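Structure file work.csv (CSV, C-alpha atoms) is printed below.
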chain,number,residue,atom,x,y,z
A,1,MET,CA,-105.3,8.2,-48.0
A,2,ASN,CA,-106.9,10.6,-50.4
A,3,ASP,CA,-106.5,9.5,-54.1
A,4,ASN,CA,-106.8,13.2,-55.1
A,5,GLN,CA,-103.6,14.1,-53.2
A,6,SER,CA,-100.3,14.2,-55.0
A,7,LEU,CA,-97.9,11.4,-54.3
A,8,MET,CA,-95.6,14.0,-52.8
A,9,LEU,CA,-98.2,15.0,-50.2
A,10,GLN,CA,-99.2,11.3,-49.5
A,11,GLU,CA,-95.6,10.2,-49.1
A,12,ALA,CA,-94.7,13.2,-46.9
A,13,GLY,CA,-97.6,12.2,-44.7
A,14,GLN,CA,-96.2,8.8,-44.2
A,15,SER,CA,-93.1,10.2,-42.5
A,16,PRO,CA,-94.1,9.7,-38.9
A,17,GLU,CA,-94.8,6.0,-39.4
A,18,VAL,CA,-91.6,5.5,-41.4
A,19,VAL,CA,-89.5,7.2,-38.7
A,20,ALA,CA,-91.1,5.2,-35.9
A,21,THR,CA,-90.5,2.0,-37.8
A,22,LEU,CA,-86.8,2.6,-38.7
A,23,LEU,CA,-85.9,3.8,-35.2
A,24,GLU,CA,-87.2,0.6,-33.8
A,25,LYS,CA,-86.2,-1.9,-36.5
A,26,GLU,CA,-82.6,-0.5,-36.9
A,27,LYS,CA,-81.7,-0.6,-33.2
A,28,PRO,CA,-79.3,-3.5,-33.7
A,29,VAL,CA,-77.6,-1.6,-36.5
A,30,PHE,CA,-77.3,1.6,-34.4
A,31,ALA,CA,-75.7,-0.6,-31.6
A,32,GLU,CA,-73.3,-2.1,-34.1
A,33,ILE,CA,-72.2,1.3,-35.4
A,34,ALA,CA,-71.8,2.5,-31.8
A,35,ARG,CA,-69.5,-0.5,-31.1
A,36,LEU,CA,-67.5,0.3,-34.2
A,37,PHE,CA,-66.9,3.9,-33.1
A,38,SER,CA,-66.0,2.8,-29.6
A,39,SER,CA,-63.3,0.5,-30.9
A,40,ALA,CA,-62.1,2.5,-33.9
A,41,ARG,CA,-62.3,6.0,-32.4
A,42,PRO,CA,-61.9,7.7,-35.8
A,43,SER,CA,-60.6,11.2,-35.7
A,44,VAL,CA,-62.7,12.1,-38.7
A,45,VAL,CA,-65.8,10.8,-40.4
A,46,THR,CA,-66.4,11.1,-44.1
A,47,THR,CA,-69.7,11.1,-46.1
A,48,ALA,CA,-70.7,11.0,-49.7
A,49,ALA,CA,-74.1,11.8,-51.2
A,50,ARG,CA,-75.9,13.8,-53.8
A,51,GLY,CA,-79.1,16.0,-53.9
A,52,SER,CA,-81.4,15.6,-51.0
A,53,SER,CA,-79.3,12.8,-49.5
A,54,ASP,CA,-76.3,15.3,-49.4
A,55,HIS,CA,-78.5,17.6,-47.4
A,56,ALA,CA,-79.2,14.8,-44.9
A,57,ALA,CA,-75.4,14.3,-44.7
A,58,THR,CA,-75.0,18.0,-43.9
A,59,PHE,CA,-77.6,17.7,-41.1
A,60,PHE,CA,-75.5,14.8,-39.8
A,61,LYS,CA,-72.4,16.8,-40.0
A,62,TYR,CA,-73.7,19.5,-37.8
A,63,LEU,CA,-75.5,17.2,-35.4
A,64,PHE,CA,-72.5,14.9,-35.0
A,65,GLU,CA,-69.9,17.6,-34.7
A,66,ILE,CA,-72.0,19.4,-32.0
A,67,THR,CA,-72.8,16.2,-30.1
A,68,CYS,CA,-69.7,14.1,-30.5
A,69,GLY,CA,-67.0,16.7,-31.4
A,70,VAL,CA,-65.7,14.6,-34.3
A,71,PRO,CA,-65.3,16.4,-37.6
A,72,VAL,CA,-67.4,15.2,-40.5
A,73,ALA,CA,-66.1,15.8,-44.0
A,74,SER,CA,-68.0,15.5,-47.3
A,75,VAL,CA,-66.1,13.8,-50.1
A,76,GLY,CA,-67.2,14.5,-53.7
A,77,PRO,CA,-68.2,11.3,-55.5
A,78,SER,CA,-66.3,12.5,-58.6
A,79,ILE,CA,-63.1,12.3,-56.7
A,80,ALA,CA,-63.2,8.5,-57.3
A,81,SER,CA,-65.5,8.1,-60.3
A,82,VAL,CA,-64.1,10.9,-62.6
A,83,TYR,CA,-60.7,11.8,-61.1
A,84,GLY,CA,-59.7,8.3,-60.0
A,85,ALA,CA,-58.0,9.5,-56.9
A,86,ALA,CA,-57.0,7.1,-54.1
A,87,LEU,CA,-58.3,7.9,-50.6
A,88,HIS,CA,-56.3,7.5,-47.5
A,89,LEU,CA,-58.8,6.7,-44.8
A,90,ASN,CA,-57.1,4.0,-42.7
A,91,GLY,CA,-59.1,3.5,-39.6
A,92,GLY,CA,-61.8,5.9,-40.8
A,93,VAL,CA,-65.6,5.5,-41.1
A,94,HIS,CA,-67.3,6.4,-44.3
A,95,PHE,CA,-71.1,7.0,-44.6
A,96,THR,CA,-72.8,7.0,-48.0
A,97,VAL,CA,-76.4,8.3,-48.0
A,98,SER,CA,-78.7,7.4,-50.9
A,99,GLN,CA,-82.3,6.6,-51.6
A,100,SER,CA,-81.7,4.1,-54.5
A,101,GLY,CA,-78.1,3.1,-53.9
A,102,ALA,CA,-77.7,2.8,-57.6
A,103,SER,CA,-75.8,5.8,-58.9
A,104,PRO,CA,-72.3,4.6,-60.1
A,105,ASP,CA,-70.4,7.6,-58.7
A,106,ILE,CA,-71.4,7.1,-55.1
A,107,VAL,CA,-70.8,3.3,-55.4
A,108,ALA,CA,-67.3,4.1,-56.8
A,109,LEU,CA,-66.6,6.5,-53.9
A,110,GLN,CA,-67.6,3.9,-51.4
A,111,ASP,CA,-65.3,1.4,-53.0
A,112,ALA,CA,-62.5,3.9,-52.9
A,113,ALA,CA,-63.2,4.6,-49.2
A,114,LYS,CA,-63.1,0.9,-48.5
A,115,LYS,CA,-59.8,0.4,-50.4
A,116,GLY,CA,-58.4,3.4,-48.5
A,117,GLY,CA,-59.0,1.6,-45.2
A,118,ALA,CA,-62.4,2.9,-44.0
A,119,THR,CA,-65.3,0.9,-42.7
A,120,THR,CA,-68.2,1.7,-45.0
A,121,ILE,CA,-71.8,2.3,-43.9
A,122,ALA,CA,-74.6,2.6,-46.5
A,123,VAL,CA,-77.6,4.6,-45.3
A,124,VAL,CA,-80.0,3.5,-48.0
A,125,ASN,CA,-83.7,2.8,-48.8
A,126,VAL,CA,-83.1,0.0,-51.3
A,127,THR,CA,-81.2,-2.5,-49.2
A,128,ASP,CA,-80.5,-4.9,-52.1
A,129,SER,CA,-78.9,-2.1,-54.2
A,130,PRO,CA,-75.3,-2.2,-55.5
A,131,LEU,CA,-74.3,0.3,-52.8
A,132,ALA,CA,-75.8,-1.8,-50.0
A,133,LYS,CA,-74.3,-5.1,-51.3
A,134,GLN,CA,-70.8,-3.6,-51.2
A,135,ALA,CA,-71.0,-1.8,-47.8
A,136,ASP,CA,-69.7,-3.2,-44.6
A,137,ILE,CA,-72.8,-2.2,-42.7
A,138,VAL,CA,-76.2,-1.4,-44.1
A,139,LEU,CA,-78.6,1.0,-42.3
A,140,GLY,CA,-82.0,0.7,-43.9
A,141,LEU,CA,-84.3,3.7,-44.2
A,142,ASN,CA,-87.4,1.5,-44.2
A,143,ALA,CA,-89.3,4.2,-46.1
A,144,GLY,CA,-91.0,1.8,-48.6
A,145,ALA,CA,-91.4,2.7,-52.2
A,146,GLU,CA,-91.2,6.4,-53.0
A,147,LYS,CA,-92.8,7.3,-56.3
A,148,SER,CA,-92.8,11.1,-56.3
A,149,VAL,CA,-89.8,12.6,-57.9
A,150,ALA,CA,-89.4,15.0,-55.0
A,151,ALA,CA,-88.1,13.0,-52.1
A,152,THR,CA,-89.9,13.6,-48.8
A,153,LYS,CA,-90.3,10.6,-46.5
A,154,SER,CA,-86.9,9.2,-47.6
A,155,PHE,CA,-85.2,12.4,-46.8
A,156,ILE,CA,-86.8,12.6,-43.4
A,157,ALA,CA,-85.9,9.0,-42.8
A,158,SER,CA,-82.3,9.6,-43.8
A,159,VAL,CA,-82.0,12.4,-41.2
A,160,ALA,CA,-83.7,10.3,-38.6
A,161,ALA,CA,-81.4,7.4,-39.3
A,162,LEU,CA,-78.3,9.5,-39.0
A,163,SER,CA,-79.6,11.2,-35.9
A,164,GLY,CA,-80.1,7.7,-34.5
A,165,VAL,CA,-76.5,6.9,-35.3
A,166,THR,CA,-75.4,10.1,-33.5
A,167,ALA,CA,-77.6,9.3,-30.4
A,168,ALA,CA,-76.2,5.7,-30.2
A,169,ILE,CA,-72.5,6.8,-30.5
A,170,SER,CA,-72.8,9.8,-28.2
A,171,GLY,CA,-75.2,8.3,-25.6
A,172,ALA,CA,-76.7,11.7,-25.3
A,173,SER,CA,-79.9,11.3,-23.3
A,174,ASP,CA,-81.5,14.5,-24.6
A,175,LEU,CA,-81.0,13.4,-28.2
A,176,GLN,CA,-82.3,9.9,-27.5
A,177,ALA,CA,-85.4,11.4,-25.8
A,178,ALA,CA,-86.0,13.7,-28.8
A,179,LEU,CA,-85.9,10.8,-31.3
A,180,VAL,CA,-88.5,8.9,-29.2
A,181,LYS,CA,-90.8,12.0,-29.5
A,182,LEU,CA,-90.0,12.6,-33.2
A,183,PRO,CA,-92.8,10.5,-34.7
A,184,GLU,CA,-95.4,12.1,-32.5
A,185,ALA,CA,-94.0,15.6,-33.3
A,186,LEU,CA,-94.1,14.9,-37.0
A,187,SER,CA,-97.7,13.6,-36.7
A,188,ALA,CA,-98.7,16.8,-34.8
A,189,THR,CA,-97.8,19.0,-37.8
A,190,ALA,CA,-101.0,17.9,-39.6
A,191,GLY,CA,-103.4,20.7,-40.0
A,192,ILE,CA,-101.0,23.6,-39.4
A,193,ASP,CA,-102.3,26.6,-41.3
A,194,THR,CA,-99.8,27.7,-43.9
A,195,ALA,CA,-102.1,30.1,-45.8
A,196,ALA,CA,-100.1,33.3,-45.0
A,197,ALA,CA,-96.8,31.6,-46.0
A,198,GLU,CA,-98.3,30.2,-49.2
A,199,GLU,CA,-99.3,33.7,-50.2
A,200,VAL,CA,-95.7,34.9,-49.8
A,201,LEU,CA,-94.2,32.1,-51.8
A,202,PHE,CA,-96.9,32.1,-54.5
A,203,ASN,CA,-96.1,35.7,-55.3
A,204,ALA,CA,-92.3,35.3,-55.1
A,205,THR,CA,-90.0,35.1,-58.1
A,206,SER,CA,-86.9,34.5,-56.0
A,207,LEU,CA,-86.2,33.8,-52.4
A,208,TYR,CA,-83.6,32.9,-49.7
A,209,THR,CA,-83.9,30.0,-47.3
A,210,ALA,CA,-81.8,30.2,-44.2
A,211,GLY,CA,-80.8,28.5,-40.9
A,212,ARG,CA,-77.8,27.7,-38.7
A,213,GLY,CA,-76.4,24.4,-37.6
A,214,PRO,CA,-78.7,21.4,-38.5
A,215,ALA,CA,-81.3,23.9,-39.6
A,216,PHE,CA,-79.0,25.1,-42.4
A,217,ALA,CA,-79.2,21.6,-43.9
A,218,ILE,CA,-83.0,21.9,-43.8
A,219,ALA,CA,-82.7,25.3,-45.5
A,220,LEU,CA,-80.7,23.6,-48.3
A,221,GLU,CA,-83.4,21.0,-48.7
A,222,ALA,CA,-86.1,23.6,-48.7
A,223,ALA,CA,-84.4,25.6,-51.4
A,224,LEU,CA,-84.0,22.5,-53.6
A,225,LYS,CA,-87.7,21.6,-53.2
A,226,ALA,CA,-88.7,25.1,-54.2
A,227,LYS,CA,-86.7,24.7,-57.4
A,228,GLU,CA,-87.7,21.1,-58.1
A,229,THR,CA,-91.5,21.4,-57.6
A,230,SER,CA,-92.6,25.0,-58.0
A,231,GLY,CA,-89.9,26.3,-60.3
A,232,LEU,CA,-89.0,29.0,-57.8
A,233,HIS,CA,-85.5,30.3,-57.8
A,234,ALA,CA,-84.2,29.7,-54.2
A,235,GLU,CA,-80.8,30.0,-52.6
A,236,ALA,CA,-79.9,28.6,-49.2
A,237,PHE,CA,-77.6,30.3,-46.8
A,238,SER,CA,-76.5,30.1,-43.2
A,239,LEU,CA,-78.2,33.1,-41.5
A,240,ALA,CA,-74.7,34.2,-40.5
A,241,GLU,CA,-73.5,34.1,-44.1
A,242,LEU,CA,-76.7,35.9,-45.2
A,243,MET,CA,-75.5,38.9,-43.2
A,244,HIS,CA,-72.6,39.4,-45.6
A,245,GLY,CA,-72.7,39.6,-49.4
A,246,PRO,CA,-76.2,38.0,-50.0
A,247,MET,CA,-77.8,40.7,-48.0
A,248,ARG,CA,-77.2,43.0,-51.0
A,249,LEU,CA,-80.2,41.5,-52.8
A,250,VAL,CA,-82.6,42.0,-49.9
A,251,GLN,CA,-85.1,44.7,-51.1
A,252,PRO,CA,-88.5,45.6,-49.8
A,253,GLY,CA,-90.8,42.5,-50.1
A,254,PHE,CA,-87.9,40.0,-50.7
A,255,PRO,CA,-89.0,36.7,-49.2
A,256,ILE,CA,-86.7,34.8,-46.7
A,257,VAL,CA,-87.8,31.4,-45.4
A,258,ALA,CA,-86.0,30.9,-42.1
A,259,PHE,CA,-85.7,27.8,-39.9
A,260,ALA,CA,-85.0,29.0,-36.4
A,261,PRO,CA,-85.3,26.3,-33.8
A,262,ASP,CA,-84.9,26.9,-30.1
A,263,ASP,CA,-81.2,26.0,-29.9
A,264,ALA,CA,-78.0,27.8,-29.1
A,265,ALA,CA,-78.3,29.9,-32.2
A,266,PHE,CA,-81.9,31.1,-31.6
A,267,ALA,CA,-81.1,34.6,-30.2
A,268,ASN,CA,-78.6,35.3,-33.0
A,269,ASN,CA,-81.1,34.1,-35.6
A,270,VAL,CA,-83.8,36.4,-34.2
A,271,GLN,CA,-81.4,39.4,-34.4
A,272,ALA,CA,-80.5,38.5,-38.0
A,273,LEU,CA,-84.2,38.2,-39.0
A,274,GLU,CA,-85.0,41.6,-37.4
A,275,ARG,CA,-82.2,43.2,-39.3
A,276,LEU,CA,-83.4,41.7,-42.5
A,277,GLN,CA,-87.0,42.8,-41.8
A,278,LYS,CA,-85.7,46.4,-41.3
A,279,LEU,CA,-84.3,46.2,-44.9
A,280,GLY,CA,-87.8,45.3,-46.0
A,281,ALA,CA,-87.6,41.5,-46.2
A,282,THR,CA,-90.8,39.5,-45.8
A,283,THR,CA,-89.8,36.7,-43.5
A,284,VAL,CA,-91.5,33.3,-43.1
A,285,GLY,CA,-90.2,31.7,-40.0
A,286,PHE,CA,-90.5,28.1,-38.8
A,287,SER,CA,-89.9,27.8,-35.0
A,288,THR,CA,-91.3,26.4,-31.8
A,289,GLN,CA,-90.8,29.9,-30.4
A,290,PRO,CA,-92.6,33.2,-31.4
A,291,LEU,CA,-91.0,35.1,-34.3
A,292,SER,CA,-92.0,38.3,-36.0
A,293,GLY,CA,-93.1,38.2,-39.6
A,294,VAL,CA,-95.1,35.3,-40.9
A,295,HIS,CA,-94.6,32.7,-38.3
A,296,LEU,CA,-95.4,28.9,-38.5
A,297,ARG,CA,-95.2,27.6,-35.0
A,298,VAL,CA,-94.2,23.9,-35.1
A,299,PRO,CA,-94.4,21.1,-32.6
A,300,THR,CA,-91.3,20.2,-30.6
A,301,THR,CA,-89.3,17.1,-29.8
A,302,GLY,CA,-87.9,18.8,-26.8
A,303,ASN,CA,-84.5,19.3,-28.7
A,304,GLY,CA,-83.8,22.3,-30.9
A,305,LEU,CA,-81.2,20.3,-32.9
A,306,VAL,CA,-83.9,17.9,-34.0
A,307,ASP,CA,-86.8,20.2,-34.4
A,308,PRO,CA,-85.8,21.6,-37.9
A,309,LEU,CA,-86.8,18.2,-39.2
A,310,VAL,CA,-90.3,18.7,-37.9
A,311,SER,CA,-90.5,22.1,-39.5
A,312,LEU,CA,-89.5,20.5,-42.8
A,313,LEU,CA,-92.6,18.4,-42.9
A,314,VAL,CA,-94.7,21.6,-42.6
A,315,TYR,CA,-92.6,23.1,-45.4
A,316,TYR,CA,-93.1,20.1,-47.7
A,317,ARG,CA,-96.9,20.6,-47.4
A,318,LEU,CA,-96.5,24.3,-48.0
A,319,ILE,CA,-94.4,24.0,-51.1
A,320,GLU,CA,-96.6,21.3,-52.5
A,321,SER,CA,-99.6,23.6,-52.2
A,322,VAL,CA,-97.7,26.5,-53.8
A,323,THR,CA,-96.7,24.2,-56.7
A,324,ARG,CA,-100.3,23.1,-57.4
A,325,ARG,CA,-101.5,26.7,-57.1
A,326,LYS,CA,-99.0,27.7,-59.7
A,327,GLY,CA,-100.5,25.1,-62.0
A,328,PHE,CA,-97.6,22.6,-61.8
A,329,ASP,CA,-97.7,18.9,-60.9
A,330,PRO,CA,-95.5,18.3,-57.9
A,331,ASP,CA,-95.1,14.6,-58.9
A,332,LYS,CA,-93.8,15.5,-62.4
A,333,PRO,CA,-91.3,18.3,-62.2
A,334,ALA,CA,-90.0,19.4,-65.6
A,335,ASN,CA,-86.6,17.9,-66.7
A,336,LEU,CA,-86.3,15.5,-63.7
A,337,LEU,CA,-86.5,11.8,-63.1
A,338,LYS,CA,-86.9,9.9,-59.8
A,339,VAL,CA,-83.4,8.2,-60.0
A,340,THR,CA,-80.5,10.1,-61.5
A,341,GLU,CA,-77.4,8.0,-62.2
A,342,THR,CA,-74.3,10.2,-62.4
A,343,VAL,CA,-70.7,9.2,-63.0
Rewritten as structure tokens:
Amino acid sequence: MNDNQSLMLQEAGQSPEVVATLLEKEKPVFAEIARLFSSARPSVVTTAARGSSDHAATFFKYLFEITCGVPVASVGPSIASVYGAALHLNGGVHFTVSQSGASPDIVALQDAAKKGGATTIAVVNVTDSPLAKQADIVLGLNAGAEKSVAATKSFIASVAALSGVTAAISGASDLQAALVKLPEALSATAGIDTAAAEEVLFNATSLYTAGRGPAFAIALEAALKAKETSGLHAEAFSLAELMHGPMRLVQPGFPIVAFAPDDAAFANNVQALERLQKLGATTVGFSTQPLSGVHLRVPTTGNGLVDPLVSLLVYYRLIESVTRRKGFDPDKPANLLKVTETV
């Protein structure tokens, strides 16, 4: 490990090992959750999270709905902590995703879900946290200490853990095979040349990030990291939604960072990007397949629903480099702390 590297870069680089460890160590928990779903057969699953963790929950929403056909609904933590509403979740399953497991609002929401009849599952890095202690089932991220304010390995671990849940419940062999390959695919991102993409983002003042399905969740995370670390104004959209009102802002040179994995949406995504390029947009595309514009070709797990997570590790390195080039410290973003406790 290079001591001259930022903590953000160091910790992002630990992601392959973290993912390999959690997918192996948490096998009994995945099996327990699969048994729970087999017996409870919930008609809806609920989640609660904030920040990057909420983006991981969004990834889970798309992956679980596509793979298992069960709706996943996000419940705002303030429903319980501020508004004091009772939840009616009899027979439901509620996931709370958190790095620290310490914020009072998500703890309050989990408590409300349990009182409302749901089985509660904490997907958390700190397994002796208040959230974990009060959950029915704890799924540990096994990411170790994360010191950089910008979460990297804990986010990737959260998505991997929730993907492991989906694979266990669905029994989908293609998803299970992709998770086996995920650590190797993450490792294979080292050394990918991001210089052309760095030039685009360094010269940007505002940008869009975009994707569809699970890739939309990665676009949300990418936009957040652009704001957190490099001070770039970034908005995330589904590529389908970008074709509506947001397209009004696309002028010559406007940057659009797109996550376009080789899944069922790929052809539609290519058409959308070509239309945006005709309007003058400068596109930076992450995909296992060729794309016009600035293209970062990423390794594959063999499953386009999982591959956006591999692209994200490349993006983390990219935005860290842009941040340092702008003269900022990626480990000490202005106005932010590592753990934010909200009510």
Q: Measuring atom to atom with all atoms listed in the file, identify which of A:Ser38, A:Ser170, A:Thr205, A:Thr194 is nearest to Lys326 (chain A).
A: A:Thr205
Q.
List as a ChimeraX atom specification the protein and nucleic acid residues near region 218-223 of chain A, meaning an atom at most 6 Å away when only C-alpha atoms are counted, but skip any in the same chain fewer than 6 places from it.
A. /A:209-211,234-236
(Q) Residues near Phe266 (chain A), anyone? I mean within 12 Å using all atoms listed in the file, not counting same-chain ones fewer than 2 positions away, as number ranges by chain. (A) A: 211-213, 215, 239-240, 258-264, 268-273, 285-291, 304-305
Q: Compare A:Glu320, A:Glu17, A:Glu11, A:Asp329 by their minimum atom-to-atom distance to Lys225 (chain A), counting all atoms listed in the file, and give me the closest one.
A: A:Glu320
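If you count all atoms listed in the file and ignore residues fewer than 4 places along the chain from Leu175 (chain A), what sits within 9 Å of it is Thr67, Ser163, Gly164, Thr166, Ala167, Ser170, Gly171, Leu179, Val180, Gly302, Asn303, Leu305 and Val306 of chain A.
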